[in-house]
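These notes are about the structure you will find just below.
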Amino acid sequence: MSMRTLVLTLLLGVGLASPALAQRLPATVTPEHYTLWFAPDLAAATFEGRATIDVRLEVPARTIVLHAAELTFDRVEVRSGDVAVTAVARPSPETETMTLTLPRELPAGPATIDISYTGVLNDQLRGFYLSRANGRRYAVSQMEATDARRAFPSFDEPAYKATFDISLTVAQGDSAISNGAVLSDTQGPGAGRHTFTFARTPRMSTYLVALLVGDFACRSGESDGTPIRVCATPDKLPLTAFALEAAEFQLAYFNRYFGIPYPFGKLDIIAVPDFSAGAMENAGAITFRERLLLAEPGRASEDVQKSIASVISHELAHQWFGNLVTMQWWNDLWLNEGFATWLASKPLAEWRPDWDVALDDATATQEAVALDALPSVRAIRTNVQTPAEIGEVFDGIAYEKSAAVLRMVEAFVGEEPFRRGVSSYLQRHAYGNAAAEDFWDEVSRVTRQPVDRIMRSYVAQPGVPVIDIETRCRADETVITVTQERFTPSASGTSAASATGGATWTFPVCLAQAGGAPQCHLVSQPRTEITVPGCAAEPFLNAGSSGYYLSAYAADDLRRLAGPALDARPATDRLALLADEWWMARSGRHDLGLFLDVADALADDASVDILQALSGRLGEVAGTLGGGPATPRYQAWLREHFAPALAALGPLRAGEDPDTLLRRAELIGLLGVTAGDGDVRQQARRLALDYLAQPDALPAALAPVVLRTAAIGADDALYERYRARLRTLGTEPETFYQFFNALPWFTSPAQVQATLALALSDEVRSQDASGLIGGLLAQPAARDMTWAFVQARWADISAKLDAFQGLPGVVSALGNFCTTDAARDVTAFFAANPTPVAERALRQALERVEACRTFRTEQAGSAARWLDARAR
């Protein structure tokens with residue numbers, strides 16, 4: 001998978017979920033301030049806690065209900081004025097709440113709840129939990145979405161914002177990090193311990209509380225007067241320099257962009273050894289999975305640098321979108337995640353224009369479409385209640401689709417007017433909560449554009465629109481008729497419109513005639529007529545590629561657009577044309593041969609991003625052929641078209657520029673994997689052996705594809721050398737995952753079984769196990785064997801993997817199957833083994849299986865005919 005896809009996948013893992021049924025708290029008590037003290041015992045994997053919560057009773061109360069899970073209450077006292085009473089605490093594990101029953105009714109008004117309690121430092125990567133590295137233990141936290149209640153009794157819903165005073169008592173020699181700056185570090189209580197007291201936080205939600213204990217080492221800097229530290233375990237401190245440089249630039253950028261200074265005083269960014277999410281935007285103390293923060297100096301690939309900078313940018317954007325202003329409830333999660341995803345590329349574009357992040361955004365939009373095209377896909381705003389339901393909405397709809405819609409609106413109203421609207425929205429709701437309507441009403445007011453109409457149509461309903469156009473010349477003008485409907489891949493090219501009630505969207509359609517600037521027109525009806533001056537051929541649709549919709553061209557128009565003039569269009573438009581035609585083929589609207597015509601026209605494209613997209617789609621075509629009779633001819637066509645391009649690059653040279661390295665990597669993968677080129681595989685094996693012998697023998701950008709390609713059909717000796725190398729790479733995250741992610745590419749049954757056993761062993765962290773299992777499910781040679789293993793060891797898999805990213809990740813990977821029998825088998829297994837946290841992932845995996853089966857049935861013959869025609 002690309003680093004962009006990996007980053008998205010890991011970011012989506014941020015909302016951990018529990019299968020328990022949640023209960024919305026009664027709106028009778030409002031927290032205003034928490035005073036929290038924690039004393040973790042790392043050896044015993046437990047902690048003591050005290051919570052003093054200042055609240056406002058909205059009505060007279062005999063009971064108070066708050067959230068608590070896996071906590072044991074020792075003492076509860078409630079004070080109101082001069083009255084102090086001892087409460088009886090009754091837990092409700094099924095709803096993760098605690099009911100405090102008072103001996104007498106307390107009046108409405110201010111009150112204080114004092115609770116002493118104990119908890120467990122769990123191994124489930126949620127709440128306050130244990131992490132391990134370098135032979136020692138750490139205590140770290142992950143509260144989002146509904147796990148603050150596992151660390152302290154709380155009103156654990158995003159609307160219940162409060163201020164926090166936090167203290168941590170830790171072992172001598174350990175340090176502590178939390179949301180605020182350290183105010184004091186004092187000895188005791190007790191021998192061999194000291195206590196860190198942190199500055200009071202601004203008003204924030206419980207899911208943003210951060211607690212970290214261990215021997216973290218930090219690199220310090222600053223930006224616009226804000227102190228910044230990037231922290232890691234001591235052995236990885238040398239890998240923090242790049243992250244600090246990126247954070248310093250980005251913080252200053254966002255201060256300028258929002259016109260609102262960074263609101264949380266200090267900024268700590270911490271790499272955590274065991275972490276379910278990709279990163280977490282805790283106010284003032286952002287936590288990261290190590291591989292998304294740490295870079296090997298002088299060696300990190302551009303891809304890794306870009307991913308680190310992008311995730312830091314995403315989490316920094318959250319300090320305003322999500323932390324300063326927080327969604328009212330999880331149904332509007334997109335107000336956090338969609339905005340942070342949209343904003344992430346902005347400082348990168350200014351800091352590193354050579355990265356061309358606009359093409360990354362265009363690629364990300366296609367990742368959203370792939371999910372949004374499924375029949376069961378949810379709307380951006382989705383009603384959720386339970387932790388399992390909340391966890392499932394941390395998906396590509398909340399992140400990538402929402403970001404794509406925001407990019408479309410920004411392009412329509414203009415960058416500066418949109419920025420002013422965003423800033424005004426943040427200022428109006430600072431330190432509070434907001435809903436979707438608050439955002440689009442404010443931006444509509446500031447920009448005087450129908451932002452509310454556009455946003456509402458995309459937020460309230462699922463799916464992506466597809467447009468068809470008809471043009472006719474009338475006098476000296478062209479009448480363009482635009483027809484829109486919901487796109488859903490389905491058999492025989494039939495539309496999903498009838499099944500979805502004829503859904504319509506409001507969005508700008510930007511058309512460009514040959515040589516002309518784009519002209520944008522707002523459409524909102526199933527059928528809209530647009531008139532433009534002069535008579536011309538059918539225009540390029542979605543010029544600028546900022547629109548979140550698909551374009552269906554007539555075959556002749558598509559061939560004309562894919563002709564020599566295509567090179568003059570921006571790379572984003574070329575990418576969009578390729579993507580649109582892919583979806584037309586997937587839906588059966590067009591013959592697959594038409595897509596292959598476009599692919600043929602783009603085979604020599606100068607943009608490496610186009611080559612990356614093309615390589616991925618051509619790999620999917622190979623999967624459609626399923627190793628059937630046409631496969632050898634298809635592979636021969638690939639070799640004929642792309643082997644000369646690899647040969648033209650010549651032997652690998654020291655100091656190759658990033659674009660050349662990326663092009664070389666894509667061609668090695670396309671030829672060595674998809675095209676089955678034996679010479680390329682042998683070359684990859686020689687390079688892999690050189691790399692094993694000498695770590696400087698291969699650039700980091702080339703290592704992943706070389707190691708994967710070399711693994712295909714390799715002997716056990718090479719497999720064991722990969723395993724042995726992994727054991728030496730504890731302090732080099734990028735290199736470690738190069739070898740780790742190559743293991744599923746070994747193809748012999750014994751190698752597959754060895755990798756499956758490794759996934760459930762103590763050698764593999766729980767955060768990484770699903771990557772191995774999912775990687776094997778993606779490989780045709782290993783898929784059936786892996787599925788048998790998953791069924792036989794499901795109890796062990798469920799015990800090891802986390803409840804959000806891990807288990808749903810494995811279930812989602814079952815979507816790599818492509819037969820009715822497999823779908824039936826998967827359905828039967830999960831009927832007998834219900835997995836609430838993966839219900840949506842299961843539905844979507846089965847839909848992908850059916851889509852693959854239909855595509856193979858309808859289009860494999862088309863590809864064979866196209867190849868026959870090319871051979872004549």
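Ordering of the structure tokens sets the chain letters (A, B, ...), residue numbers begin anew at 1 in every chain, and ligands are numbered from 1 in the order given.
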Could you name the residues that touch Leu661 (chain A) at 10 Å or less, counting only C-alpha atoms, but leaving out those on the same chain fewer than 6 positions away, as a compact mmCIF listing (two decimals) with all heavy atoms, in the first residue's frame?
```
# COMPACT_ATOMS: atom_id res chain seq x y z
N SER A 301 13.25 8.36 3.45
CA SER A 301 12.76 8.61 2.10
C SER A 301 11.86 9.84 2.07
O SER A 301 11.31 10.25 3.10
CB SER A 301 11.99 7.39 1.58
OG SER A 301 10.81 7.21 2.35
N GLU A 302 11.70 10.41 0.90
CA GLU A 302 10.79 11.53 0.75
C GLU A 302 9.37 11.12 1.12
O GLU A 302 8.62 11.90 1.73
CB GLU A 302 10.82 12.07 -0.68
CG GLU A 302 9.92 13.28 -0.88
CD GLU A 302 9.97 13.81 -2.29
OE1 GLU A 302 10.93 14.55 -2.62
OE2 GLU A 302 9.05 13.48 -3.07
N VAL A 608 5.07 11.22 -12.10
CA VAL A 608 5.20 9.95 -11.39
C VAL A 608 3.91 9.62 -10.64
O VAL A 608 3.59 8.46 -10.41
CB VAL A 608 6.42 9.98 -10.45
CG1 VAL A 608 6.19 10.91 -9.26
CG2 VAL A 608 6.75 8.58 -9.95
N LEU A 649 15.93 4.17 -17.53
CA LEU A 649 16.49 4.76 -16.31
C LEU A 649 17.91 4.29 -16.05
O LEU A 649 18.65 4.93 -15.30
CB LEU A 649 15.61 4.41 -15.10
CG LEU A 649 14.18 4.99 -15.11
CD1 LEU A 649 13.41 4.49 -13.89
CD2 LEU A 649 14.22 6.51 -15.12
N LEU A 652 20.83 1.58 -11.24
CA LEU A 652 20.65 2.45 -10.08
C LEU A 652 21.93 3.22 -9.80
O LEU A 652 23.01 2.63 -9.73
CB LEU A 652 20.26 1.61 -8.86
CG LEU A 652 20.07 2.35 -7.53
CD1 LEU A 652 18.92 3.34 -7.63
CD2 LEU A 652 19.83 1.37 -6.40
N ARG A 653 21.80 4.54 -9.65
CA ARG A 653 22.96 5.40 -9.42
C ARG A 653 22.84 6.07 -8.07
O ARG A 653 21.72 6.37 -7.60
CB ARG A 653 23.07 6.46 -10.52
CG ARG A 653 23.27 5.91 -11.92
CD ARG A 653 23.32 7.02 -12.95
NE ARG A 653 22.11 7.82 -12.97
CZ ARG A 653 21.00 7.48 -13.63
NH1 ARG A 653 20.97 6.34 -14.33
NH2 ARG A 653 19.95 8.25 -13.62
N GLY A 655 22.64 8.97 -5.48
CA GLY A 655 22.17 10.35 -5.53
C GLY A 655 21.04 10.61 -6.50
O GLY A 655 20.84 11.77 -6.91
N LEU A 667 7.94 1.25 -11.46
CA LEU A 667 8.16 0.35 -12.60
C LEU A 667 8.62 -1.03 -12.14
O LEU A 667 8.22 -2.05 -12.72
CB LEU A 667 9.18 0.98 -13.54
CG LEU A 667 8.68 2.21 -14.31
CD1 LEU A 667 9.84 2.94 -15.00
CD2 LEU A 667 7.61 1.83 -15.33
N PRO A 699 18.61 2.95 -1.66
CA PRO A 699 17.91 4.11 -1.12
C PRO A 699 16.62 3.69 -0.42
O PRO A 699 15.96 2.73 -0.82
CB PRO A 699 17.61 4.96 -2.36
CG PRO A 699 18.53 4.47 -3.42
CD PRO A 699 18.75 3.02 -3.13
N ALA A 700 16.26 4.41 0.63
CA ALA A 700 15.07 4.07 1.40
C ALA A 700 13.82 4.08 0.53
O ALA A 700 12.89 3.29 0.75
CB ALA A 700 14.91 5.04 2.56
N ALA A 701 13.76 4.96 -0.47
CA ALA A 701 12.57 5.04 -1.33
C ALA A 701 12.38 3.79 -2.16
O ALA A 701 11.25 3.47 -2.57
CB ALA A 701 12.67 6.25 -2.25
N LEU A 702 13.46 3.07 -2.44
CA LEU A 702 13.40 1.90 -3.30
C LEU A 702 13.26 0.60 -2.51
O LEU A 702 12.80 -0.42 -3.04
CB LEU A 702 14.67 1.84 -4.16
CG LEU A 702 14.58 1.22 -5.56
CD1 LEU A 702 13.50 1.88 -6.38
CD2 LEU A 702 15.94 1.32 -6.25
```
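The neighbours of Gln682 (chain A) here are the residues that come within 10 Å of it, using only C-alpha atoms and leaving out any residue fewer than 4 positions away in the same chain; they are A:Gly672, A:Asp677, A:Gly678, A:Arg686, A:Leu687, A:Ala688, A:Thr709, A:Ala710, A:Ala714.
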Dump N, CA and C atoms for the selected residues as an mmCIF file, in the first residue's frame?
```
data_model
loop_
_atom_site.group_PDB
_atom_site.id
_atom_site.type_symbol
_atom_site.label_atom_id
_atom_site.label_comp_id
_atom_site.auth_asym_id
_atom_site.auth_seq_id
_atom_site.Cartn_x
_atom_site.Cartn_y
_atom_site.Cartn_z
ATOM 1 N N GLY A 672 7.676 -6.351 -12.002
ATOM 2 C CA GLY A 672 8.058 -7.525 -11.239
ATOM 3 C C GLY A 672 6.890 -8.237 -10.600
ATOM 4 N N ASP A 677 7.511 -10.243 -14.559
ATOM 5 C CA ASP A 677 8.769 -10.192 -15.298
ATOM 6 C C ASP A 677 9.868 -10.880 -14.489
ATOM 7 N N GLY A 678 10.324 -12.036 -14.944
ATOM 8 C CA GLY A 678 11.339 -12.798 -14.224
ATOM 9 C C GLY A 678 12.646 -12.072 -14.083
ATOM 10 N N ARG A 686 18.686 -9.632 -6.301
ATOM 11 C CA ARG A 686 20.098 -9.235 -6.144
ATOM 12 C C ARG A 686 20.206 -7.958 -5.298
ATOM 13 N N LEU A 687 19.324 -6.996 -5.556
ATOM 14 C CA LEU A 687 19.342 -5.759 -4.781
ATOM 15 C C LEU A 687 18.999 -6.018 -3.318
ATOM 16 N N ALA A 688 18.041 -6.922 -3.073
ATOM 17 C CA ALA A 688 17.663 -7.247 -1.697
ATOM 18 C C ALA A 688 18.836 -7.879 -0.954
ATOM 19 N N THR A 709 9.148 -7.420 -4.023
ATOM 20 C CA THR A 709 9.296 -8.132 -5.300
ATOM 21 C C THR A 709 10.246 -9.310 -5.156
ATOM 22 N N ALA A 710 11.308 -9.109 -4.406
ATOM 23 C CA ALA A 710 12.276 -10.183 -4.200
ATOM 24 C C ALA A 710 11.659 -11.359 -3.449
ATOM 25 N N ALA A 714 10.506 -16.622 -3.482
ATOM 26 C CA ALA A 714 11.853 -16.792 -2.933
ATOM 27 C C ALA A 714 11.920 -18.003 -2.009
#
```
Quick one: of A:Gly221, A:Pro227, A:Gly322, A:Pro780, who's nearest to Thr341 (chain A), counting only C-alpha atoms?
A:Gly322
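Candidate residues A:Ala795, A:Phe38, A:Leu618, A:Pro570 were compared for distance to Asn833 (chain A), and the nearest is A:Ala795, using only C-alpha atoms.
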8 Å contact set for Leu359 (chain A), only C-alpha atoms, chain neighbours under 4 positions out, as a list in words
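Surrounding residues, per the criterion: Thr363, Ala571, Thr572 and Asp609 of chain A.
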Selected residues written out, N, CA and C atoms, as a PDB file, in the first residue's frame:
```
ATOM      1  N   THR A 363      -5.378  12.190  -5.285  1.00  0.00           N
ATOM      2  CA  THR A 363      -5.338  10.750  -5.054  1.00  0.00           C
ATOM      3  C   THR A 363      -6.217  10.374  -3.869  1.00  0.00           C
ATOM      4  N   ALA A 571      -1.695  17.920 -14.327  1.00  0.00           N
ATOM      5  CA  ALA A 571      -1.601  16.515 -13.914  1.00  0.00           C
ATOM      6  C   ALA A 571      -2.820  16.084 -13.114  1.00  0.00           C
ATOM      7  N   THR A 572      -3.402  17.006 -12.331  1.00  0.00           N
ATOM      8  CA  THR A 572      -4.603  16.643 -11.571  1.00  0.00           C
ATOM      9  C   THR A 572      -5.753  16.282 -12.503  1.00  0.00           C
ATOM     10  N   ASP A 609       3.142  10.652 -10.271  1.00  0.00           N
ATOM     11  CA  ASP A 609       1.863  10.398  -9.604  1.00  0.00           C
ATOM     12  C   ASP A 609       0.884   9.698 -10.546  1.00  0.00           C
TER      13      ASP A 609
END
```
Would you return as a ChimeraX atom specification the members of region 266-447 of chain A that DSSP assigns to alpha helix (DSSP H) on this structure's backbone?
/A:302-318,334-351,357-372,387-392,402-413,415-428,436-447
